[in-house]
$ cat target_2.cif   # mmCIF, C-alpha atoms (C1' of nucleotides)
data_run
#
loop_
_atom_site.label_atom_id
_atom_site.label_comp_id
_atom_site.auth_asym_id
_atom_site.auth_seq_id
_atom_site.Cartn_x
_atom_site.Cartn_y
_atom_site.Cartn_z
CA MET P 1 -23.96 -38.43 27.67
CA SER P 2 -20.50 -37.19 26.79
CA ALA P 3 -18.77 -34.44 28.67
CA LEU P 4 -19.72 -32.15 25.85
CA SER P 5 -23.37 -32.90 25.78
CA ALA P 6 -24.16 -30.22 28.30
CA GLY P 7 -24.37 -26.75 26.92
CA ILE P 8 -24.95 -27.08 23.25
CA ARG P 9 -27.20 -24.09 22.95
CA PRO P 10 -25.86 -20.66 22.05
CA GLU P 11 -26.49 -19.11 25.43
CA ASP P 12 -24.36 -21.77 27.06
CA GLU P 13 -21.23 -21.50 25.01
CA MET P 14 -21.60 -17.89 24.14
CA LEU P 15 -22.10 -16.72 27.66
CA VAL P 16 -18.34 -16.65 27.82
CA VAL P 17 -17.90 -14.68 24.68
CA ARG P 18 -20.01 -14.23 21.61
CA PRO P 19 -17.30 -12.76 19.48
CA GLY P 20 -18.02 -9.53 17.69
CA LYS P 21 -16.65 -8.96 14.25
CA TRP P 22 -13.33 -7.67 15.55
CA THR P 23 -12.86 -9.49 18.84
CA LEU P 24 -10.44 -12.14 17.65
CA THR P 25 -8.54 -9.64 15.54
CA ILE P 26 -7.90 -7.42 18.53
CA VAL P 27 -6.85 -10.32 20.71
CA THR P 28 -4.46 -11.46 18.02
CA LEU P 29 -2.90 -8.03 17.68
CA LEU P 30 -2.13 -8.09 21.38
CA ARG P 31 -0.24 -11.36 21.07
CA ALA P 32 3.28 -10.00 21.32
CA GLU P 33 3.02 -6.66 23.00
CA THR P 34 1.03 -4.14 24.91
CA LEU P 35 -0.59 -1.70 22.51
CA ARG P 36 -2.15 1.72 22.78
CA PHE P 37 -5.58 2.59 21.49
CA ASN P 38 -4.48 4.19 18.26
CA GLU P 39 -1.86 1.57 17.58
CA LEU P 40 -4.60 -1.02 17.74
CA LYS P 41 -6.78 1.10 15.52
CA ARG P 42 -4.06 1.47 12.90
CA GLN P 43 -3.01 -2.14 12.93
CA ALA P 44 -6.53 -3.49 12.81
CA GLY P 45 -7.12 -1.46 9.68
CA GLY P 46 -10.71 -0.45 9.05
CA ILE P 47 -12.24 -0.52 12.51
CA SER P 48 -14.09 2.56 13.73
CA GLN P 49 -13.19 4.25 17.03
CA LYS P 50 -16.51 3.34 18.47
CA THR P 51 -16.34 -0.31 17.56
CA LEU P 52 -12.81 -0.52 18.89
CA THR P 53 -13.87 1.12 22.14
CA VAL P 54 -16.81 -1.23 22.57
CA THR P 55 -14.79 -4.31 21.67
CA LEU P 56 -12.05 -3.39 24.14
CA ARG P 57 -14.56 -2.68 26.90
CA GLU P 58 -16.09 -6.09 26.48
CA LEU P 59 -12.73 -7.79 26.48
CA GLU P 60 -11.81 -5.90 29.61
CA ARG P 61 -15.09 -6.64 31.32
CA ASP P 62 -14.76 -10.36 30.66
CA GLY P 63 -11.19 -10.41 31.95
CA PHE P 64 -9.38 -11.03 28.68
CA VAL P 65 -7.61 -7.69 28.56
CA THR P 66 -6.31 -5.19 31.08
CA ARG P 67 -6.56 -1.47 30.50
CA THR P 68 -3.94 0.76 32.04
CA MET P 69 -4.57 4.49 31.95
CA PHE P 70 -1.72 6.93 32.32
CA ALA P 71 -2.91 10.31 33.53
CA THR P 72 -0.45 12.16 31.37
CA ILE P 73 -0.93 14.88 28.83
CA PRO P 74 -1.59 13.72 26.24
CA PRO P 75 -3.44 10.79 27.73
CA ARG P 76 -2.27 7.27 27.13
CA VAL P 77 -3.97 3.91 27.57
CA ASP P 78 -2.29 0.57 27.26
CA TYR P 79 -4.06 -2.68 26.49
CA GLU P 80 -2.58 -6.03 27.35
CA LEU P 81 -3.74 -9.63 27.35
CA THR P 82 -4.38 -11.37 30.65
CA ASP P 83 -3.62 -15.05 31.12
CA LEU P 84 -7.21 -15.76 30.26
CA GLY P 85 -6.82 -13.57 27.21
CA ARG P 86 -3.90 -15.67 26.11
CA GLU P 87 -6.11 -18.74 26.27
CA LEU P 88 -8.63 -16.99 24.09
CA LEU P 89 -5.79 -16.17 21.73
CA GLU P 90 -5.14 -19.87 21.29
CA LEU P 91 -8.73 -20.35 20.22
CA ALA P 92 -8.36 -17.49 17.78
CA ASP P 93 -5.24 -19.11 16.38
CA GLY P 94 -7.02 -22.39 15.93
CA TRP P 95 -9.77 -20.63 14.06
CA ARG P 96 -7.34 -18.78 11.85
CA VAL P 97 -5.31 -21.88 11.04
CA PHE P 98 -8.50 -23.64 10.08
CA ALA P 99 -9.50 -20.71 7.88
CA SER P 100 -6.22 -20.46 6.03
CA ARG P 101 -6.01 -24.22 5.55
CA ASN P 102 -9.49 -24.51 4.15
CA ARG P 103 -10.10 -21.26 2.36
CA THR P 104 -9.66 -22.85 -1.04
CA ARG P 105 -11.91 -25.76 -0.20
CA VAL P 106 -14.68 -23.51 1.04
CA GLU P 107 -14.41 -21.17 -1.91
CA ALA P 108 -14.66 -24.13 -4.26
CA ALA P 109 -17.70 -25.45 -2.41
CA ARG P 110 -19.36 -22.06 -2.67
CA GLU P 111 -18.72 -21.81 -6.36
CA ARG P 112 -20.15 -25.23 -6.96
CA PHE P 113 -23.20 -24.42 -4.89
CA ASP P 114 -23.80 -21.09 -6.60
CA MET P 115 -23.29 -22.51 -10.09
CA SER P 116 -25.70 -25.37 -9.54
CA GLY P 117 -28.33 -23.03 -8.14
CA GLY P 118 -28.10 -24.82 -4.84
CA GLU P 119 -30.15 -27.74 -6.01
CA PRO P 120 -29.80 -30.65 -3.61
CA ALA P 121 -29.28 -34.23 -4.55
CA ILE P 122 -32.48 -36.25 -4.73
CA ARG P 123 -31.95 -39.76 -3.54
CA LEU P 124 -35.29 -41.47 -3.40
CA ILE P 125 -38.58 -41.19 -5.19
CA HIS P 126 -40.56 -43.81 -3.33
CA ALA P 127 -43.50 -42.76 -1.33
CA ASP P 128 -43.29 -43.71 2.33
CA MET V 1 6.55 -12.76 10.35
CA SER V 2 4.97 -15.88 11.78
CA ALA V 3 2.80 -18.18 9.79
CA LEU V 4 -0.16 -16.60 11.48
CA SER V 5 0.64 -13.02 10.68
CA ALA V 6 -1.19 -13.12 7.39
CA GLY V 7 -4.91 -12.70 7.62
CA ILE V 8 -5.62 -11.08 10.91
CA ARG V 9 -8.54 -9.04 9.73
CA PRO V 10 -12.12 -10.29 10.03
CA GLU V 11 -12.63 -10.78 6.31
CA ASP V 12 -9.66 -13.10 6.20
CA GLU V 13 -10.58 -15.51 8.92
CA MET V 14 -14.29 -15.10 8.60
CA LEU V 15 -14.40 -15.62 4.89
CA VAL V 16 -14.45 -19.25 5.82
CA VAL V 17 -17.27 -18.90 8.26
CA ARG V 18 -18.56 -16.04 10.32
CA PRO V 19 -20.64 -18.15 12.60
CA GLY V 20 -24.21 -17.13 13.15
CA LYS V 21 -25.78 -17.57 16.53
CA TRP V 22 -26.73 -21.18 15.86
CA THR V 23 -24.03 -22.41 13.50
CA LEU V 24 -21.90 -24.24 16.03
CA THR V 25 -24.97 -25.65 17.76
CA ILE V 26 -26.22 -27.21 14.55
CA VAL V 27 -22.82 -28.62 13.69
CA THR V 28 -22.60 -30.12 17.14
CA LEU V 29 -26.02 -31.73 16.88
CA LEU V 30 -24.87 -33.46 13.70
CA ARG V 31 -21.89 -35.01 15.48
CA ALA V 32 -23.20 -38.54 15.78
CA GLU V 33 -25.90 -38.93 13.22
CA THR V 34 -27.68 -37.69 10.17
CA LEU V 35 -30.69 -35.67 11.22
CA ARG V 36 -33.84 -34.44 9.55
CA PHE V 37 -34.95 -30.85 9.52
CA ASN V 38 -37.48 -31.11 12.30
CA GLU V 39 -35.25 -33.29 14.43
CA LEU V 40 -32.65 -30.57 14.31
CA LYS V 41 -35.28 -27.99 15.12
CA ARG V 42 -36.50 -29.91 18.14
CA GLN V 43 -33.05 -30.73 19.47
CA ALA V 44 -31.71 -27.22 19.04
CA GLY V 45 -34.57 -25.95 21.14
CA GLY V 46 -35.60 -22.40 20.46
CA ILE V 47 -34.47 -21.84 16.89
CA SER V 48 -36.99 -20.53 14.39
CA GLN V 49 -37.69 -22.30 11.15
CA LYS V 50 -36.24 -19.50 9.14
CA THR V 51 -33.03 -19.27 11.07
CA LEU V 52 -32.57 -23.02 10.85
CA THR V 53 -33.15 -22.95 7.11
CA VAL V 54 -30.72 -20.11 6.59
CA THR V 55 -28.08 -21.64 8.85
CA LEU V 56 -28.31 -24.98 7.08
CA ARG V 57 -28.12 -23.36 3.65
CA GLU V 58 -24.94 -21.55 4.60
CA LEU V 59 -23.40 -24.68 6.03
CA GLU V 60 -24.31 -26.52 2.85
CA ARG V 61 -23.00 -23.78 0.61
CA ASP V 62 -19.66 -23.71 2.38
CA GLY V 63 -19.32 -27.46 2.20
CA PHE V 64 -19.74 -28.31 5.88
CA VAL V 65 -23.01 -30.16 5.50
CA THR V 66 -24.68 -32.23 2.82
CA ARG V 67 -28.38 -32.06 2.20
CA THR V 68 -30.14 -35.11 0.86
CA MET V 69 -33.67 -34.70 -0.31
CA PHE V 70 -36.00 -37.66 -0.56
CA ALA V 71 -38.80 -37.01 -3.03
CA THR V 72 -41.31 -38.87 -0.91
CA ILE V 73 -44.63 -37.82 0.42
CA PRO V 74 -44.31 -36.39 2.91
CA PRO V 75 -40.95 -34.95 1.91
CA ARG V 76 -37.86 -35.70 3.91
CA VAL V 77 -34.48 -34.04 4.02
CA ASP V 78 -31.40 -35.40 5.75
CA TYR V 79 -28.49 -33.30 6.92
CA GLU V 80 -25.07 -34.76 7.50
CA LEU V 81 -21.61 -33.44 8.25
CA THR V 82 -18.96 -33.61 5.55
CA ASP V 83 -15.32 -34.27 6.42
CA LEU V 84 -14.82 -30.52 6.42
CA GLY V 85 -17.81 -30.19 8.69
CA ARG V 86 -16.21 -32.59 11.12
CA GLU V 87 -13.17 -30.33 11.26
CA LEU V 88 -15.43 -27.42 12.05
CA LEU V 89 -16.97 -29.55 14.76
CA GLU V 90 -13.58 -29.82 16.41
CA LEU V 91 -13.33 -26.07 16.54
CA ALA V 92 -16.79 -25.91 18.05
CA ASP V 93 -15.74 -28.44 20.68
CA GLY V 94 -12.65 -26.41 21.52
CA TRP V 95 -14.78 -23.36 21.96
CA ARG V 96 -17.25 -25.17 24.15
CA VAL V 97 -14.57 -26.69 26.34
CA PHE V 98 -13.03 -23.28 26.81
CA ALA V 99 -16.41 -21.85 27.72
CA SER V 100 -17.27 -24.45 30.30
CA ARG V 101 -13.80 -24.32 31.84
CA ASN V 102 -13.79 -20.56 32.21
CA ARG V 103 -17.38 -19.65 32.79
CA THR V 104 -16.81 -19.00 36.45
CA ARG V 105 -13.72 -16.92 35.84
CA VAL V 106 -15.45 -14.76 33.28
CA GLU V 107 -18.50 -14.30 35.43
CA ALA V 108 -16.30 -13.21 38.32
CA ALA V 109 -14.43 -10.76 36.10
CA ARG V 110 -17.72 -9.28 34.95
CA GLU V 111 -18.98 -8.85 38.44
CA ARG V 112 -15.80 -7.10 39.50
CA PHE V 113 -15.94 -4.83 36.49
CA ASP V 114 -19.58 -3.94 37.00
CA MET V 115 -19.17 -3.33 40.72
CA SER V 116 -16.21 -1.01 40.26
CA GLY V 117 -18.01 0.95 37.60
CA GLY V 118 -15.42 -0.12 35.09
CA GLU V 119 -12.86 2.39 36.30
CA PRO V 120 -9.43 1.51 35.00
CA ALA V 121 -6.22 1.52 36.98
CA ILE V 122 -4.25 4.75 36.75
CA ARG V 123 -0.56 4.09 36.75
CA LEU V 124 1.26 7.37 36.13
CA ILE V 125 0.61 11.00 36.66
CA HIS V 126 3.72 12.42 35.07
CA ALA V 127 3.40 14.62 32.05
CA ASP V 128 5.27 13.33 29.03
"C1'" DC U 1 -42.83 -32.41 6.30
"C1'" DC U 2 -39.93 -29.04 4.60
"C1'" DG U 3 -38.98 -24.51 3.79
"C1'" DC U 4 -39.71 -20.05 1.18
"C1'" DA U 5 -41.50 -15.05 1.41
"C1'" DT U 6 -42.72 -11.26 3.84
"C1'" DC U 7 -42.75 -8.20 7.41
"C1'" DC U 8 -40.90 -6.51 11.74
"C1'" DA U 9 -37.89 -6.09 16.10
"C1'" DT U 10 -33.42 -6.20 17.84
"C1'" DT U 11 -28.55 -5.99 17.57
"C1'" DT U 12 -24.36 -4.65 15.59
"C1'" DT U 13 -21.53 -1.67 13.10
"C1'" DG U 14 -20.11 2.59 11.10
"C1'" DA U 15 -19.71 7.99 10.06
"C1'" DT U 16 -19.30 12.15 12.00
"C1'" DA U 17 -18.63 15.64 15.25
"C1'" DC U 18 -17.19 16.99 19.66
"C1'" DT U 19 -14.53 16.84 24.58
"C1'" DG U 20 -10.89 16.41 28.62
"C1'" DC C 1 -4.56 10.79 22.40
"C1'" DA C 2 -8.38 8.49 23.75
"C1'" DG C 3 -12.39 8.53 24.04
"C1'" DT C 4 -18.11 9.96 24.17
"C1'" DA C 5 -22.51 11.25 21.81
"C1'" DT C 6 -25.52 11.08 18.16
"C1'" DC C 7 -27.33 9.50 14.10
"C1'" DA C 8 -27.80 6.36 10.34
"C1'" DA C 9 -27.10 1.89 8.03
"C1'" DA C 10 -26.74 -2.95 7.88
"C1'" DA C 11 -26.92 -7.58 9.55
"C1'" DT C 12 -29.32 -10.77 12.21
"C1'" DG C 13 -33.15 -13.14 14.33
"C1'" DG C 14 -38.02 -14.15 14.84
"C1'" DA C 15 -43.34 -14.52 13.72
"C1'" DT C 16 -46.56 -15.65 10.49
"C1'" DG C 17 -48.75 -17.31 6.41
"C1'" DC C 18 -48.39 -19.89 2.08
"C1'" DG C 19 -46.90 -23.76 -1.20
"C1'" DG C 20 -44.83 -28.24 -3.14
#

$ encode --input "target_2.cif" --output "structure tokens"
Amino acid sequence: MSALSAGIRPEDEMLVVRPGKWTLTIVTLLRAETLRFNELKRQAGGISQKTLTVTLRELERDGFVTRTMFATIPPRVDYELTDLGRELLELADGWRVFASRNRTRVEAARERFDMSGGEPAIRLIHAD
Amino acid sequence: MSALSAGIRPEDEMLVVRPGKWTLTIVTLLRAETLRFNELKRQAGGISQKTLTVTLRELERDGFVTRTMFATIPPRVDYELTDLGRELLELADGWRVFASRNRTRVEAARERFDMSGGEPAIRLIHAD
DNA sequence: CCGCATCCATTTTGATACTG
DNA sequence: CAGTATCAAAATGGATGCGG
């Protein structure tokens, strides 16, 4: 058994993080700098307050992000990647590179599939 | 702007594949060999027929997997990774390695967070 | 054996309004 | 500004029964 053979089921790998729709986006936005809640919201573009709140809470809980509250008026909260968060960022980058490299290929495959009605190749007609 | 700055939003990266719960598991099971539907089902352990069907259809549609139907009785269908599928497999491996390396760290972070009630650090009390 | 169709439960996400 | 609360909508996953 290879080193990877353990933990192939979803619970195993995803125990660490089963990424929500916005998780990798948020992590990526925090690449260069600490950001405040509404800066994140603006830059993400299209995320709801609630989803952003929930996503950030999860990232904080899992140790990918630190939350620093300033008890000022008006309030202010800064979000920043931890070292672990920066490792997650590398995964996100890998994913994104893959996506941008292969977008055309995947779109072409989809078109072919949809045009052909998804009919599979039939290779054999012998009975067993 | 870096090469990565384009396409940070979910639609961009996930257009290629927004992985369902079982997607990476299935891809990983197809690492070494072509498998039949029920072999996949058995080896995945805990996936429903429907979810497996849907997952495989998506993988086929996006060009990650080929489906070969044998018109025998009883019928037989083989699933196999394409070259593109093998690239996706590498991403899955990266994810899994990350997960197994950091499971302990994440679990510890969670425990700390849950114990402390999730209260954030307060850094400043000055008004603006 | 393979897998579609249907129905249902759970989870995730979003819209909106309101608070310290 | 940075949330919480509530409600509604959508996506996802699973159980079951049928059909080629």

$ resolve_selection --input "target_2.cif" --expression "the PyMOL selection byres ((chain C) within 12 of (chain V))" --output "list in words"
DA11, DT12, DG13, DG14, DA15, DT16 and DG20 of chain C

$ closest_atom_pairs --input "target_2.cif" --of "chain V" --to "chain U" --cutoff "12 Å" --atoms "only C-alpha atoms (C1' of nucleotides)" --output "Markdown table"
| residue | atom | partner | partner_atom | distance |
| --- | --- | --- | --- | --- |
| V:Lys21 | CA | U:DT11 | C1' | 12.0 |
| V:Arg36 | CA | U:DC2 | C1' | 9.5 |
| V:Phe37 | CA | U:DC2 | C1' | 7.2 |
| V:Asn38 | CA | U:DC1 | C1' | 8.1 |
| V:Glu39 | CA | U:DC1 | C1' | 11.2 |
| V:Lys41 | CA | U:DC2 | C1' | 11.5 |
| V:Ser48 | CA | U:DG3 | C1' | 11.5 |
| V:Gln49 | CA | U:DG3 | C1' | 7.8 |
| V:Lys50 | CA | U:DG3 | C1' | 7.8 |
| V:Thr51 | CA | U:DG3 | C1' | 10.8 |
| V:Leu52 | CA | U:DG3 | C1' | 9.7 |
| V:Thr53 | CA | U:DG3 | C1' | 6.9 |
| V:Val54 | CA | U:DG3 | C1' | 9.8 |
| V:Leu56 | CA | U:DG3 | C1' | 11.2 |
| V:Arg57 | CA | U:DG3 | C1' | 10.9 |
| V:Met69 | CA | U:DC2 | C1' | 9.8 |
| V:Phe70 | CA | U:DC2 | C1' | 10.8 |
| V:Ala71 | CA | U:DC2 | C1' | 11.1 |
| V:Thr72 | CA | U:DC1 | C1' | 9.8 |
| V:Ile73 | CA | U:DC1 | C1' | 8.2 |
| V:Pro74 | CA | U:DC1 | C1' | 5.4 |
| V:Pro75 | CA | U:DC1 | C1' | 5.4 |
| V:Arg76 | CA | U:DC1 | C1' | 6.4 |
| V:Val77 | CA | U:DC2 | C1' | 7.4 |
| V:Asp78 | CA | U:DC2 | C1' | 10.7 |

$ write_last_selection --input "target_2.cif" --atoms "C-alpha atoms" --output "mmCIF file, in the coordinates of the input"
data_model
loop_
_atom_site.group_PDB
_atom_site.id
_atom_site.type_symbol
_atom_site.label_atom_id
_atom_site.label_comp_id
_atom_site.auth_asym_id
_atom_site.auth_seq_id
_atom_site.Cartn_x
_atom_site.Cartn_y
_atom_site.Cartn_z
ATOM 1 C CA LYS V 21 -25.780 -17.570 16.530
ATOM 2 C CA ARG V 36 -33.840 -34.440 9.550
ATOM 3 C CA PHE V 37 -34.950 -30.850 9.520
ATOM 4 C CA ASN V 38 -37.480 -31.110 12.300
ATOM 5 C CA GLU V 39 -35.250 -33.290 14.430
ATOM 6 C CA LYS V 41 -35.280 -27.990 15.120
ATOM 7 C CA SER V 48 -36.990 -20.530 14.390
ATOM 8 C CA GLN V 49 -37.690 -22.300 11.150
ATOM 9 C CA LYS V 50 -36.240 -19.500 9.140
ATOM 10 C CA THR V 51 -33.030 -19.270 11.070
ATOM 11 C CA LEU V 52 -32.570 -23.020 10.850
ATOM 12 C CA THR V 53 -33.150 -22.950 7.110
ATOM 13 C CA VAL V 54 -30.720 -20.110 6.590
ATOM 14 C CA LEU V 56 -28.310 -24.980 7.080
ATOM 15 C CA ARG V 57 -28.120 -23.360 3.650
ATOM 16 C CA MET V 69 -33.670 -34.700 -0.310
ATOM 17 C CA PHE V 70 -36.000 -37.660 -0.560
ATOM 18 C CA ALA V 71 -38.800 -37.010 -3.030
ATOM 19 C CA THR V 72 -41.310 -38.870 -0.910
ATOM 20 C CA ILE V 73 -44.630 -37.820 0.420
ATOM 21 C CA PRO V 74 -44.310 -36.390 2.910
ATOM 22 C CA PRO V 75 -40.950 -34.950 1.910
ATOM 23 C CA ARG V 76 -37.860 -35.700 3.910
ATOM 24 C CA VAL V 77 -34.480 -34.040 4.020
ATOM 25 C CA ASP V 78 -31.400 -35.400 5.750
#

$ residues_around --input "target_2.cif" --residues "P:Ile8" --least-positions-apart "5" --cutoff "12 Å" --atoms "only C-alpha atoms (C1' of nucleotides)" --output "PDB file with C-alpha atoms, in the coordinates of the input"
ATOM      1  CA  SER P   2     -20.500 -37.190  26.790  1.00  0.00           C
ATOM      2  CA  ALA P   3     -18.770 -34.440  28.670  1.00  0.00           C
ATOM      3  CA  GLU P  13     -21.230 -21.500  25.010  1.00  0.00           C
ATOM      4  CA  MET P  14     -21.600 -17.890  24.140  1.00  0.00           C
ATOM      5  CA  LEU P  15     -22.100 -16.720  27.660  1.00  0.00           C
TER       6      LEU P  15
ATOM      7  CA  LYS V  21     -25.780 -17.570  16.530  1.00  0.00           C
ATOM      8  CA  TRP V  22     -26.730 -21.180  15.860  1.00  0.00           C
ATOM      9  CA  THR V  23     -24.030 -22.410  13.500  1.00  0.00           C
ATOM     10  CA  LEU V  24     -21.900 -24.240  16.030  1.00  0.00           C
ATOM     11  CA  THR V  25     -24.970 -25.650  17.760  1.00  0.00           C
ATOM     12  CA  ILE V  26     -26.220 -27.210  14.550  1.00  0.00           C
ATOM     13  CA  VAL V  27     -22.820 -28.620  13.690  1.00  0.00           C
ATOM     14  CA  THR V  28     -22.600 -30.120  17.140  1.00  0.00           C
ATOM     15  CA  LEU V  29     -26.020 -31.730  16.880  1.00  0.00           C
ATOM     16  CA  LEU V  30     -24.870 -33.460  13.700  1.00  0.00           C
ATOM     17  CA  ARG V  31     -21.890 -35.010  15.480  1.00  0.00           C
ATOM     18  CA  GLN V  43     -33.050 -30.730  19.470  1.00  0.00           C
ATOM     19  CA  ALA V  44     -31.710 -27.220  19.040  1.00  0.00           C
ATOM     20  CA  GLY V  45     -34.570 -25.950  21.140  1.00  0.00           C
ATOM     21  CA  GLY V  46     -35.600 -22.400  20.460  1.00  0.00           C
ATOM     22  CA  LEU V  89     -16.970 -29.550  14.760  1.00  0.00           C
ATOM     23  CA  ALA V  92     -16.790 -25.910  18.050  1.00  0.00           C
ATOM     24  CA  ASP V  93     -15.740 -28.440  20.680  1.00  0.00           C
ATOM     25  CA  TRP V  95     -14.780 -23.360  21.960  1.00  0.00           C
ATOM     26  CA  ARG V  96     -17.250 -25.170  24.150  1.00  0.00           C
ATOM     27  CA  VAL V  97     -14.570 -26.690  26.340  1.00  0.00           C
ATOM     28  CA  ALA V  99     -16.410 -21.850  27.720  1.00  0.00           C
ATOM     29  CA  SER V 100     -17.270 -24.450  30.300  1.00  0.00           C
TER      30      SER V 100
END

$ atom_distance --input "target_2.cif" --atom1 "atom CA of V:Asp62" --atom2 "atom CA of V:Arg42"
23.9 Å
